[in-house]
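Here is entry_20.cif, consisting of mmCIF, C-alpha atoms and all ligand atoms:
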data_protein
loop_
_atom_site.label_atom_id
_atom_site.label_comp_id
_atom_site.auth_asym_id
_atom_site.auth_seq_id
_atom_site.Cartn_x
_atom_site.Cartn_y
_atom_site.Cartn_z
CA MET M 82 87.21 117.18 78.58
CA SER M 83 89.20 120.38 78.49
CA VAL M 84 87.30 123.53 79.40
CA ALA M 85 88.18 125.06 76.03
CA GLU M 86 86.58 122.26 74.01
CA PRO M 87 83.23 123.46 72.61
CA LEU M 88 80.21 121.26 73.25
CA ALA M 89 78.47 120.16 70.01
CA PRO M 90 74.76 121.04 69.81
CA GLY M 91 72.76 118.27 71.50
CA ALA M 92 75.78 116.89 73.38
CA VAL M 93 75.47 116.35 77.11
CA VAL M 94 78.27 116.17 79.69
CA VAL M 95 77.71 114.53 83.09
CA ARG M 96 80.25 113.93 85.86
CA ALA M 97 79.93 111.38 88.67
CA PRO M 98 82.07 110.94 91.79
CA ALA M 99 84.25 108.18 93.20
CA LYS M 100 83.36 106.77 96.63
CA ILE M 101 85.16 105.47 99.62
CA ASN M 102 83.53 103.29 102.26
CA LEU M 103 83.94 104.81 105.72
CA ALA M 104 82.59 101.55 107.12
CA LEU M 105 82.02 98.30 105.25
CA ARG M 106 80.61 95.34 107.11
CA VAL M 107 80.11 92.19 105.06
CA GLY M 108 77.87 89.22 105.85
CA ASP M 109 78.07 85.63 104.64
CA PRO M 110 77.16 85.07 100.97
CA ARG M 111 73.49 84.93 99.97
CA PRO M 112 72.08 82.21 97.71
CA ASP M 113 72.58 84.56 94.70
CA GLY M 114 76.32 84.79 95.50
CA TYR M 115 76.20 88.43 96.63
CA HIS M 116 77.17 89.34 100.17
CA PRO M 117 74.81 91.38 102.35
CA VAL M 118 76.58 94.56 103.45
CA LEU M 119 76.14 97.41 105.84
CA THR M 120 78.24 100.28 104.56
CA ILE M 121 78.70 104.01 104.93
CA TYR M 122 79.37 105.37 101.45
CA HIS M 123 81.09 108.75 101.12
CA ALA M 124 81.41 110.47 97.71
CA ILE M 125 84.66 112.34 97.07
CA SER M 126 85.78 115.09 94.70
CA LEU M 127 87.36 112.80 92.14
CA ARG M 128 85.04 112.51 89.16
CA ASP M 129 84.84 110.77 85.81
CA GLU M 130 83.08 112.55 82.99
CA ILE M 131 80.85 111.14 80.26
CA ARG M 132 80.04 113.11 77.14
CA ALA M 133 77.11 111.76 75.13
CA GLU M 134 75.66 112.75 71.78
CA ALA M 135 73.18 111.20 69.38
CA GLY M 136 74.77 108.68 67.00
CA GLU M 137 73.85 107.70 63.43
CA PRO M 138 70.54 105.76 63.27
CA GLY M 139 71.39 102.05 63.61
CA GLY M 140 74.93 102.86 64.73
CA GLY M 141 74.42 101.46 68.23
CA ILE M 142 76.64 102.52 71.11
CA SER M 143 80.13 103.75 70.44
CA LEU M 144 82.53 104.50 73.28
CA SER M 145 85.86 106.25 73.05
CA LEU M 146 88.34 106.87 75.84
CA ASP M 147 90.71 109.66 76.70
CA ARG M 148 94.39 108.81 77.17
CA ALA M 149 93.96 108.06 80.89
CA GLY M 150 91.21 105.54 80.10
CA GLU M 151 93.29 103.91 77.33
CA ARG M 152 96.36 103.68 79.59
CA ALA M 153 94.29 102.08 82.37
CA GLY M 154 92.88 99.48 79.95
CA VAL M 155 89.23 100.47 80.44
CA PRO M 156 87.16 97.89 78.49
CA LEU M 157 85.23 99.21 75.47
CA GLY M 158 82.59 96.49 75.00
CA GLU M 159 79.75 95.10 77.08
CA ASP M 160 82.13 94.74 80.06
CA ASN M 161 82.08 98.52 80.32
CA LEU M 162 79.42 99.59 82.82
CA ALA M 163 78.68 102.81 80.88
CA VAL M 164 77.89 100.75 77.77
CA ARG M 165 75.77 98.36 79.83
CA ALA M 166 73.92 101.33 81.32
CA VAL M 167 72.94 102.71 77.89
CA HIS M 168 71.81 99.25 76.73
CA LEU M 169 69.60 98.80 79.79
CA LEU M 170 68.13 102.27 79.45
CA ALA M 171 67.35 101.83 75.72
CA GLU M 172 65.84 98.40 76.38
CA GLN M 173 63.59 99.72 79.14
CA PHE M 174 62.39 102.66 77.01
CA SER M 175 62.25 100.63 73.77
CA CYS M 176 64.42 103.02 71.79
CA PRO M 177 67.50 102.34 69.64
CA PRO M 178 70.71 102.85 71.66
CA ASP M 179 72.34 105.08 69.06
CA VAL M 180 74.65 107.07 71.30
CA VAL M 181 78.25 108.22 70.95
CA LEU M 182 79.96 108.24 74.37
CA THR M 183 83.33 109.69 75.31
CA LEU M 184 84.75 108.82 78.71
CA HIS M 185 87.21 111.09 80.50
CA LYS M 186 88.78 109.05 83.27
CA ALA M 187 90.05 110.56 86.52
CA ILE M 188 89.09 107.73 88.90
CA PRO M 189 91.64 104.88 89.01
CA VAL M 190 90.38 101.57 87.57
CA ALA M 191 89.70 98.43 89.70
CA ALA M 192 90.80 100.48 92.70
CA GLY M 193 87.91 100.05 95.15
CA LEU M 194 86.71 103.58 94.32
CA ALA M 195 83.68 102.56 92.19
CA GLY M 196 85.01 104.28 89.06
CA GLY M 197 83.09 101.95 86.73
CA SER M 198 79.93 102.61 88.75
CA ALA M 199 80.47 106.37 88.42
CA ASP M 200 80.79 105.94 84.63
CA ALA M 201 77.52 103.98 84.55
CA ALA M 202 75.72 106.60 86.64
CA ALA M 203 76.95 109.44 84.42
CA ALA M 204 76.13 107.47 81.24
CA LEU M 205 72.57 106.76 82.44
CA ILE M 206 71.81 110.44 82.95
CA ALA M 207 73.62 111.65 79.83
CA ALA M 208 72.07 109.00 77.55
CA ALA M 209 68.58 109.59 78.96
CA ALA M 210 68.92 113.25 77.96
CA VAL M 211 70.27 112.47 74.49
CA LEU M 212 67.67 109.74 73.76
CA GLY M 213 64.84 111.89 75.14
CA CYS M 214 63.80 109.33 77.80
CA THR M 215 61.86 110.82 80.68
CA VAL M 216 63.13 108.77 83.61
CA SER M 217 61.86 109.31 87.15
CA GLY M 218 64.33 109.32 90.04
CA GLU M 219 62.96 105.95 91.15
CA GLN M 220 63.30 104.39 87.67
CA MET M 221 66.84 105.76 87.48
CA ARG M 222 67.75 104.15 90.81
CA ASP M 223 66.21 100.79 89.72
CA LEU M 224 68.16 100.87 86.47
CA ALA M 225 71.31 101.72 88.41
CA ALA M 226 70.82 98.81 90.85
CA GLY M 227 70.48 96.47 87.84
CA ILE M 228 73.92 97.56 86.61
CA GLY M 229 75.88 97.17 89.85
CA SER M 230 75.65 97.39 93.63
CA ASP M 231 77.49 100.74 93.88
CA VAL M 232 75.78 102.49 90.93
CA PRO M 233 72.75 103.87 92.87
CA PHE M 234 75.15 105.61 95.27
CA ALA M 235 77.21 107.04 92.39
CA LEU M 236 73.99 108.74 91.18
CA VAL M 237 73.23 110.52 94.43
CA GLY M 238 76.62 110.95 96.15
CA GLY M 239 76.85 112.59 99.56
CA THR M 240 77.17 110.28 102.57
CA SER M 241 74.74 107.35 102.76
CA LEU M 242 74.08 104.13 104.57
CA GLY M 243 74.03 101.25 102.07
CA THR M 244 72.34 97.92 102.82
CA GLY M 245 71.19 94.90 100.78
CA ARG M 246 74.16 94.29 98.47
CA GLY M 247 74.88 98.04 98.73
CA GLU M 248 72.08 99.27 96.47
CA LEU M 249 69.56 100.26 99.19
CA LEU M 250 70.40 103.76 100.38
CA THR M 251 69.50 105.97 103.32
CA PRO M 252 71.08 109.43 103.66
CA VAL M 253 73.38 109.92 106.65
CA LEU M 254 73.79 113.22 108.48
CA ALA M 255 77.39 114.34 107.99
CA ARG M 256 78.61 117.79 109.01
CA GLY M 257 81.63 119.54 107.54
CA THR M 258 84.17 118.55 104.91
CA LEU M 259 86.64 115.70 105.26
CA HIS M 260 90.04 115.89 103.54
CA TRP M 261 91.41 112.65 102.13
CA VAL M 262 94.63 111.36 100.66
CA LEU M 263 94.40 108.28 98.45
CA GLY M 264 97.28 105.89 97.87
CA CYS M 265 96.55 104.18 94.54
CA SER M 266 98.28 101.13 93.06
CA ARG M 267 98.76 100.53 89.33
CA MET M 268 97.57 96.89 89.58
CA GLY M 269 93.88 96.70 90.53
CA LEU M 270 92.18 94.02 92.63
CA SER M 271 89.19 91.98 91.43
CA THR M 272 86.15 92.59 93.65
CA PRO M 273 84.85 88.96 93.45
CA THR M 274 88.35 87.68 94.37
CA VAL M 275 88.48 89.91 97.46
CA TYR M 276 84.97 88.85 98.59
CA GLY M 277 85.92 85.19 97.96
CA THR M 278 89.10 85.61 100.01
CA LEU M 279 87.04 87.00 102.91
CA ASP M 280 84.79 83.90 102.76
CA ARG M 281 87.88 81.65 102.92
CA LEU M 282 89.41 83.62 105.82
CA ARG M 283 86.12 83.35 107.70
CA ALA M 284 85.83 79.61 106.98
CA SER M 285 89.25 79.10 108.62
CA ALA M 286 88.36 81.47 111.52
CA ALA M 287 91.31 83.69 110.54
CA VAL M 288 89.04 86.74 110.80
CA PRO M 289 86.02 87.41 113.04
CA PRO M 290 82.56 86.20 111.93
CA ALA M 291 80.13 88.52 110.15
CA ASP M 292 78.60 91.36 112.17
CA LEU M 293 76.20 93.67 110.35
CA SER M 294 75.46 95.98 113.27
CA PRO M 295 75.47 99.74 112.50
CA PRO M 296 78.75 101.59 113.18
CA THR M 297 77.30 103.79 115.90
CA GLU M 298 80.47 105.67 116.89
CA LEU M 299 81.23 106.51 113.27
CA LEU M 300 77.68 107.80 112.69
CA THR M 301 77.90 109.93 115.84
CA ALA M 302 81.25 111.40 114.72
CA LEU M 303 79.86 112.16 111.23
CA ALA M 304 76.81 113.90 112.68
CA ALA M 305 79.02 115.93 115.02
CA GLY M 306 81.47 116.93 112.25
CA ASP M 307 84.29 115.36 114.28
CA PRO M 308 87.09 114.26 111.90
CA ALA M 309 89.15 112.67 114.70
CA GLY M 310 86.14 110.53 115.66
CA VAL M 311 85.55 109.58 112.01
CA GLY M 312 89.23 108.66 111.61
CA ALA M 313 89.21 106.50 114.73
CA HIS M 314 86.20 104.47 113.54
CA LEU M 315 86.97 103.77 109.88
CA THR M 316 86.42 100.04 109.35
CA ASN M 317 86.34 97.61 106.45
CA ASP M 318 85.79 93.82 106.53
CA LEU M 319 87.41 93.62 103.07
CA GLN M 320 90.66 95.06 104.43
CA ALA M 321 91.93 91.72 105.79
CA PRO M 322 91.40 89.87 102.48
CA ALA M 323 92.87 92.81 100.51
CA LEU M 324 95.97 92.70 102.74
CA THR M 325 96.18 88.92 102.28
CA LEU M 326 96.28 89.49 98.52
CA ARG M 327 98.56 92.57 98.74
CA PRO M 328 100.60 92.38 101.99
CA GLU M 329 102.58 95.52 101.04
CA LEU M 330 99.45 97.64 101.65
CA ALA M 331 100.01 97.18 105.41
CA THR M 332 103.25 99.20 105.07
CA LEU M 333 101.34 101.97 103.33
CA LEU M 334 98.57 102.07 105.97
CA ASP M 335 101.18 102.20 108.76
CA ALA M 336 103.14 104.95 107.00
CA GLY M 337 100.00 107.11 106.77
CA LEU M 338 99.26 106.69 110.47
CA GLN M 339 102.91 107.47 111.33
CA ALA M 340 102.56 110.65 109.26
CA GLY M 341 99.65 111.74 111.43
CA ALA M 342 96.59 110.55 109.48
CA LEU M 343 93.49 110.59 111.70
CA GLY M 344 92.61 107.19 110.27
CA ALA M 345 93.59 104.83 107.44
CA VAL M 346 91.53 102.19 105.69
CA VAL M 347 91.47 100.15 102.49
CA SER M 348 88.73 101.58 100.28
CA GLY M 349 86.06 99.03 99.31
CA SER M 350 87.73 95.94 97.84
CA GLY M 351 91.01 97.85 97.45
CA PRO M 352 93.79 98.22 96.65
CA THR M 353 93.39 101.99 97.17
CA CYS M 354 94.09 103.09 100.75
CA ALA M 355 92.26 106.15 102.07
CA PHE M 356 93.87 108.39 104.72
CA LEU M 357 91.92 111.02 106.60
CA ALA M 358 93.79 114.30 107.12
CA ALA M 359 93.12 116.78 109.92
CA SER M 360 92.80 119.68 107.44
CA GLU M 361 93.41 120.56 103.80
CA ALA M 362 96.93 121.79 104.71
CA HIS M 363 97.63 118.51 106.52
CA SER M 364 96.47 116.55 103.46
CA ILE M 365 99.31 118.14 101.46
CA ASP M 366 101.91 117.04 104.04
CA LEU M 367 100.35 113.59 104.22
CA ALA M 368 100.38 113.25 100.42
CA VAL M 369 104.09 114.17 100.33
CA ALA M 370 104.87 111.65 103.10
CA LEU M 371 102.95 108.84 101.34
CA SER M 372 104.56 109.58 97.97
CA SER M 373 107.93 108.60 99.43
CA VAL M 374 106.81 105.22 100.84
CA GLY M 375 107.18 103.56 97.44
CA VAL M 376 104.20 101.20 97.80
CA CYS M 377 101.64 103.14 95.77
CA GLU M 378 101.98 104.42 92.20
CA THR M 379 99.90 107.56 92.60
CA VAL M 380 98.88 109.73 95.54
CA LEU M 381 95.73 111.83 95.09
CA ARG M 382 93.96 114.34 97.32
CA ALA M 383 90.19 114.75 97.49
CA HIS M 384 87.50 116.05 99.80
CA GLY M 385 84.04 114.81 100.63
CA PRO M 386 81.17 114.58 100.74
CA VAL M 387 80.24 115.79 97.25
CA SER M 388 76.95 115.41 95.39
CA GLY M 389 76.25 112.93 92.62
CA PRO M 390 74.62 113.90 89.31
CA LEU M 391 71.11 112.86 90.42
CA HIS M 392 71.25 114.79 93.66
CA GLY M 393 68.13 116.87 94.04
CA ILE M 394 66.28 115.39 91.03
O1 LIG A 401 77.36 94.50 92.06
P1 LIG A 401 78.61 94.39 91.29
O2 LIG A 401 78.39 93.89 89.88
O3 LIG A 401 79.44 95.63 91.30
O4 LIG A 401 79.49 93.30 92.03
C1 LIG A 401 80.65 92.74 91.43
C2 LIG A 401 80.97 91.45 92.14
O5 LIG A 401 81.38 91.72 93.49
C3 LIG A 401 79.81 90.50 92.28
O6 LIG A 401 79.71 89.67 91.15
C4 LIG A 401 80.18 89.72 93.52
O7 LIG A 401 81.14 88.74 93.22
C5 LIG A 401 80.87 90.76 94.38
N1 LIG A 401 79.94 91.41 95.34
C6 LIG A 401 79.46 90.67 96.41
N2 LIG A 401 78.62 91.27 97.30
C7 LIG A 401 78.27 92.56 97.18
C8 LIG A 401 78.76 93.34 96.10
C9 LIG A 401 79.60 92.72 95.20
O8 LIG A 401 79.78 89.48 96.56
N3 LIG A 401 77.47 93.13 98.07
#
Mind turning the file's structure into structure tokens?
Ligand code: C5P
Amino acid sequence: MSVAEPLAPGAVVVRAPAKINLALRVGDPRPDGYHPVLTIYHAISLRDEIRAEAGEPGGGISLSLDRAGERAGVPLGEDNLAVRAVHLLAEQFSCPPDVVLTLHKAIPVAAGLAGGSADAAAALIAAAAVLGCTVSGEQMRDLAAGIGSDVPFALVGGTSLGTGRGELLTPVLARGTLHWVLGCSRMGLSTPTVYGTLDRLRASAAVPPADLSPPTELLTALAAGDPAGVGAHLTNDLQAPALTLRPELATLLDAGLQAGALGAVVSGSGPTCAFLAASEAHSIDLAVALSSVGVCETVLRAHGPVSGPLHGI
């Protein structure tokens, strides 16, 4: 939403951040099909925005997109996590889901940055305000976990350890600000396909077996505010399957390291690659270098950690 646009009376605007996974360790699939994970989530200064206002009685949920959302093909129906969030909230509080939502998209879609989860987190908080639901922090986190594994983290932001399927969070001590460059591809990757490819690679022993031990060196570097240590210990079990599906990402990761990135890793299930810069000034040089590689469509800069919309509630 542009700053100049006036907010209608009763309208609520909430923004929620994208995430990258500084570490993502993935176990073998559980009986419910989900994979147990041990991850270090890190929220970055790239945010989607949801505007919500009360709709006509009986009108249900309506969602409109800005041009970025339309161009990216964001779904408008029940596949949209923001729509699902409002339905779940209204169901739980037994009220009609008559809400008009507008989504302003800054986070790339199907990129491994949890953009859909950010939209759901923002929609939960905005719709609760518009519908007059008094939701405790705990109820909000339960609702979020019912929508998707990354949604609870999108609510709180910061830097957190995620376990279970990613929905169980413990804050992590992280000093200082990290400066990131993101190499984003136009064609997204499907999260279930990437997890399935990891299972196949493991079945053929092409990648090491599951190891869900905590990333001690990374946690120490975060606590010490040591970007070089963080960069040296970025790790993601989904990187091998993402590179199997998109081999050209290896060129991009190498190019970032050649250009002096402190570390480079596929974010979540990809295809976005995250590069850690030594400073804000270095992130500009790194972004210029990556723009000329020709593998990614867009290069973005962001810093982290940043707070989510529920932080402090
Ligand atoms: O939780 P969410 O709906 O975002 O997950 C999308 C899909 O990603 C799941 O249906 C599953 O295939 C895969 N997934 C998984 N293990 C996780 C998280 C996601 O297998 N921990």
Need the axis-aligned box for ligand LIG 401 (chain A) with 3 Å each side, so what are the centre and edges in Å to one decimal, as lines of an AutoDock Vina configuration file?
center_x = 79.4
center_y = 92.2
center_z = 94.0
size_x = 10.0
size_y = 12.9
size_z = 14.2
M:His384, M:Gly264, M:Phe356, M:Asp109: which is nearest Pro289 of chain M, counting all atoms listed in the file?
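Smallest distance to Pro289 of chain M is found for M:Asp109.
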Smallest atom-to-atom distance to Ile142 of chain M: which of M:Pro110, M:Gly257, M:Pro177, M:Pro90, using all atoms listed in the file?
M:Pro177
Give as a tab-separated table (two decimals) with C-alpha atoms, in the frame of the given file the residues surrounding ligand LIG 401 (chain A) up to a distance of 6 Å, considering only C-alpha atoms and all ligand atoms.
chain	number	residue	atom	x	y	z
M	114	GLY	CA	76.32	84.79	95.50
M	115	TYR	CA	76.20	88.43	96.63
M	116	HIS	CA	77.17	89.34	100.17
M	117	PRO	CA	74.81	91.38	102.35
M	118	VAL	CA	76.58	94.56	103.45
M	229	GLY	CA	75.88	97.17	89.85
M	230	SER	CA	75.65	97.39	93.63
M	246	ARG	CA	74.16	94.29	98.47
M	247	GLY	CA	74.88	98.04	98.73
M	272	THR	CA	86.15	92.59	93.65
M	273	PRO	CA	84.85	88.96	93.45
M	276	TYR	CA	84.97	88.85	98.59
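Minimum atom-to-atom distances from M:Val346, M:Ala204, M:Ala199, M:Leu127 to Phe234 of chain M were compared using only C-alpha atoms, and the lowest value belongs to M:Ala199.
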Nearby residues (all atoms listed in the file) at most 9 Å from Leu367 of chain M, same-chain spacing under 4 positions excluded, as a PyMOL selection string
chain M and resi 262+337+340-342+356+358+362-363+371-372
Please, which residues in segment 189-241 of chain M fall within 8 Å of segment 148-167 of chain M when counting all atoms listed in the file, and what is the closest atom pair and distance in Å to one decimal for each, ordered by chain then residue number, as JSON lines?
{"residue": "M:Pro189", "atom": "CA", "partner": "M:Ala153", "partner_atom": "CA", "distance": 7.7}
{"residue": "M:Val190", "atom": "CA", "partner": "M:Ala153", "partner_atom": "CA", "distance": 6.5}
{"residue": "M:Gly197", "atom": "CA", "partner": "M:Leu162", "partner_atom": "CA", "distance": 5.9}
{"residue": "M:Ser198", "atom": "CA", "partner": "M:Leu162", "partner_atom": "CA", "distance": 6.7}
{"residue": "M:Asp200", "atom": "CA", "partner": "M:Ala163", "partner_atom": "CA", "distance": 5.3}
{"residue": "M:Ala201", "atom": "CA", "partner": "M:Ala163", "partner_atom": "CA", "distance": 4.0}
{"residue": "M:Ala202", "atom": "CA", "partner": "M:Ala163", "partner_atom": "CA", "distance": 7.5}
{"residue": "M:Ala203", "atom": "CA", "partner": "M:Ala163", "partner_atom": "CA", "distance": 7.7}
{"residue": "M:Ala204", "atom": "CA", "partner": "M:Ala163", "partner_atom": "CA", "distance": 5.3}
{"residue": "M:Leu205", "atom": "CA", "partner": "M:Ala166", "partner_atom": "CA", "distance": 5.7}
{"residue": "M:Ala208", "atom": "CA", "partner": "M:Val167", "partner_atom": "CA", "distance": 6.4}
{"residue": "M:Leu224", "atom": "CA", "partner": "M:Ala166", "partner_atom": "CA", "distance": 7.7}
{"residue": "M:Ala225", "atom": "CA", "partner": "M:Ala166", "partner_atom": "CA", "distance": 7.6}
{"residue": "M:Ile228", "atom": "CA", "partner": "M:Ala166", "partner_atom": "CA", "distance": 6.5}
Of the residues M:Leu249, M:Ala124, M:Ala171, M:Val216, which is the one nearest to Ala195 of chain M, using all atoms listed in the file?
M:Ala124
How close does segment 288-331 of chain M get to segment 347-351 of chain M? List, as CSV, each residue of segment 288-331 of chain M within 8 Å, its nearest atom pair and the distance in Å to one decimal, counting all atoms listed in the file.
residue,atom,partner,partner_atom,distance
M:Asn317,CA,M:Val347,CA,7.0
M:Leu319,CA,M:Ser350,CA,5.7
M:Gln320,CA,M:Val347,CA,5.5
M:Ala323,CA,M:Gly351,CA,6.2
What is the distance, in Å and to one decimal place, between atom CA of Arg106 of chain M and atom CA of Pro328 of chain M?
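About the pair atom CA of Arg106 of chain M and atom CA of Pro328 of chain M: they are 20.8 Å apart.
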Give as a list of chain:residue names the set of residues within 8 Å of the point (83.0, 87.5, 110.5), where distances use the file's coordinates and only C-alpha atoms.
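The distance filter leaves exactly M:Val107, M:Gly108, M:Asp109, M:Arg283, M:Val288, M:Pro289, M:Pro290, M:Ala291, M:Asp292, M:Asp318.
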Might you pull out every residue within 8 Å of Ala368 of chain M, with only C-alpha atoms counted and same-chain residues fewer than 2 positions away left off, and present them as a PDB file with C-alpha atoms, keeping the file's coordinate frame?
ATOM      1  CA  VAL M 262      94.630 111.360 100.660  1.00  0.00           C
ATOM      2  CA  SER M 364      96.470 116.550 103.460  1.00  0.00           C
ATOM      3  CA  ILE M 365      99.310 118.140 101.460  1.00  0.00           C
ATOM      4  CA  ASP M 366     101.910 117.040 104.040  1.00  0.00           C
ATOM      5  CA  ALA M 370     104.870 111.650 103.100  1.00  0.00           C
ATOM      6  CA  LEU M 371     102.950 108.840 101.340  1.00  0.00           C
ATOM      7  CA  SER M 372     104.560 109.580  97.970  1.00  0.00           C
ATOM      8  CA  VAL M 380      98.880 109.730  95.540  1.00  0.00           C
ATOM      9  CA  LEU M 381      95.730 111.830  95.090  1.00  0.00           C
ATOM     10  CA  ARG M 382      93.960 114.340  97.320  1.00  0.00           C
TER      11      ARG M 382
END
I'd like the neighbourhood of Val311 of chain M as a PyMOL selection string, where a residue qualifies if any of its atoms comes within 10 Å (using only C-alpha atoms), though same-chain residues fewer than 4 positions away should be ignored.
chain M and resi 103-104+259+298-307+315-316+343-344+357
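The space separating atom CA of Val232 of chain M from atom CA of Glu134 of chain M comes to 21.7 Å.
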Computed interatomic separation between atom CA of Gln173 of chain M and atom CA of Ala133 of chain M (Å):
18.5 Å
Using all atoms listed in the file, what residues lie at most 8 Å away from (93.0, 88.6, 96.8) (file coordinates), given as a list in words?
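So the residues meeting the distance criterion are Leu270, Ser271, Thr274, Val275, Gly277, Thr278, Pro322, Ala323, Leu324, Thr325, Leu326 and Arg327 of chain M.
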Same residues, C-alpha atoms, output as a PDB file, keeping the file's coordinate frame:
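New file again-v1.pdb:
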ATOM      1  CA  LEU M 270      92.180  94.020  92.630  1.00  0.00           C
ATOM      2  CA  SER M 271      89.190  91.980  91.430  1.00  0.00           C
ATOM      3  CA  THR M 274      88.350  87.680  94.370  1.00  0.00           C
ATOM      4  CA  VAL M 275      88.480  89.910  97.460  1.00  0.00           C
ATOM      5  CA  GLY M 277      85.920  85.190  97.960  1.00  0.00           C
ATOM      6  CA  THR M 278      89.100  85.610 100.010  1.00  0.00           C
ATOM      7  CA  PRO M 322      91.400  89.870 102.480  1.00  0.00           C
ATOM      8  CA  ALA M 323      92.870  92.810 100.510  1.00  0.00           C
ATOM      9  CA  LEU M 324      95.970  92.700 102.740  1.00  0.00           C
ATOM     10  CA  THR M 325      96.180  88.920 102.280  1.00  0.00           C
ATOM     11  CA  LEU M 326      96.280  89.490  98.520  1.00  0.00           C
ATOM     12  CA  ARG M 327      98.560  92.570  98.740  1.00  0.00           C
TER      13      ARG M 327
END
Please rebuild segment 172-186 of chain M with N, CA, C and O atoms and give the result as an mmCIF file, in the frame of the given file.
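Output (part38.cif):
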data_model
loop_
_atom_site.group_PDB
_atom_site.id
_atom_site.type_symbol
_atom_site.label_atom_id
_atom_site.label_comp_id
_atom_site.auth_asym_id
_atom_site.auth_seq_id
_atom_site.Cartn_x
_atom_site.Cartn_y
_atom_site.Cartn_z
ATOM 1 N N GLU M 172 66.738 99.556 76.320
ATOM 2 C CA GLU M 172 65.840 98.400 76.380
ATOM 3 C C GLU M 172 64.561 98.775 77.129
ATOM 4 O O GLU M 172 63.458 98.538 76.663
ATOM 5 N N GLN M 173 64.744 99.384 78.301
ATOM 6 C CA GLN M 173 63.590 99.720 79.140
ATOM 7 C C GLN M 173 62.665 100.712 78.451
ATOM 8 O O GLN M 173 61.456 100.649 78.611
ATOM 9 N N PHE M 174 63.211 101.628 77.654
ATOM 10 C CA PHE M 174 62.390 102.660 77.010
ATOM 11 C C PHE M 174 62.140 102.344 75.530
ATOM 12 O O PHE M 174 61.650 103.190 74.791
ATOM 13 N N SER M 175 62.487 101.117 75.130
ATOM 14 C CA SER M 175 62.250 100.630 73.770
ATOM 15 C C SER M 175 62.693 101.637 72.711
ATOM 16 O O SER M 175 61.914 101.995 71.806
ATOM 17 N N CYS M 176 63.911 102.126 72.829
ATOM 18 C CA CYS M 176 64.420 103.020 71.790
ATOM 19 C C CYS M 176 65.800 102.521 71.330
ATOM 20 O O CYS M 176 66.476 101.810 72.084
ATOM 21 N N PRO M 177 66.196 102.829 70.092
ATOM 22 C CA PRO M 177 67.500 102.340 69.640
ATOM 23 C C PRO M 177 68.631 103.035 70.403
ATOM 24 O O PRO M 177 68.573 104.254 70.599
ATOM 25 N N PRO M 178 69.636 102.266 70.830
ATOM 26 C CA PRO M 178 70.710 102.850 71.660
ATOM 27 C C PRO M 178 71.777 103.523 70.808
ATOM 28 O O PRO M 178 72.964 103.202 70.933
ATOM 29 N N ASP M 179 71.366 104.451 69.968
ATOM 30 C CA ASP M 179 72.340 105.080 69.060
ATOM 31 C C ASP M 179 72.971 106.300 69.738
ATOM 32 O O ASP M 179 72.500 107.433 69.607
ATOM 33 N N VAL M 180 74.025 106.033 70.491
ATOM 34 C CA VAL M 180 74.650 107.070 71.300
ATOM 35 C C VAL M 180 76.166 106.992 71.152
ATOM 36 O O VAL M 180 76.741 105.898 71.155
ATOM 37 N N VAL M 181 76.783 108.152 70.993
ATOM 38 C CA VAL M 181 78.250 108.220 70.950
ATOM 39 C C VAL M 181 78.715 108.733 72.310
ATOM 40 O O VAL M 181 78.361 109.838 72.725
ATOM 41 N N LEU M 182 79.490 107.890 73.022
ATOM 42 C CA LEU M 182 79.960 108.240 74.370
ATOM 43 C C LEU M 182 81.464 108.509 74.336
ATOM 44 O O LEU M 182 82.211 107.804 73.648
ATOM 45 N N THR M 183 81.892 109.482 75.078
ATOM 46 C CA THR M 183 83.330 109.690 75.310
ATOM 47 C C THR M 183 83.534 109.730 76.812
ATOM 48 O O THR M 183 82.823 110.446 77.526
ATOM 49 N N LEU M 184 84.492 108.924 77.270
ATOM 50 C CA LEU M 184 84.750 108.820 78.710
ATOM 51 C C LEU M 184 86.071 109.494 79.056
ATOM 52 O O LEU M 184 87.102 109.160 78.474
ATOM 53 N N HIS M 185 86.005 110.432 79.981
ATOM 54 C CA HIS M 185 87.210 111.090 80.500
ATOM 55 C C HIS M 185 87.447 110.562 81.901
ATOM 56 O O HIS M 185 86.642 110.794 82.801
ATOM 57 N N LYS M 186 88.540 109.845 82.056
ATOM 58 C CA LYS M 186 88.780 109.050 83.270
ATOM 59 C C LYS M 186 89.687 109.796 84.241
ATOM 60 O O LYS M 186 90.815 110.164 83.899
#
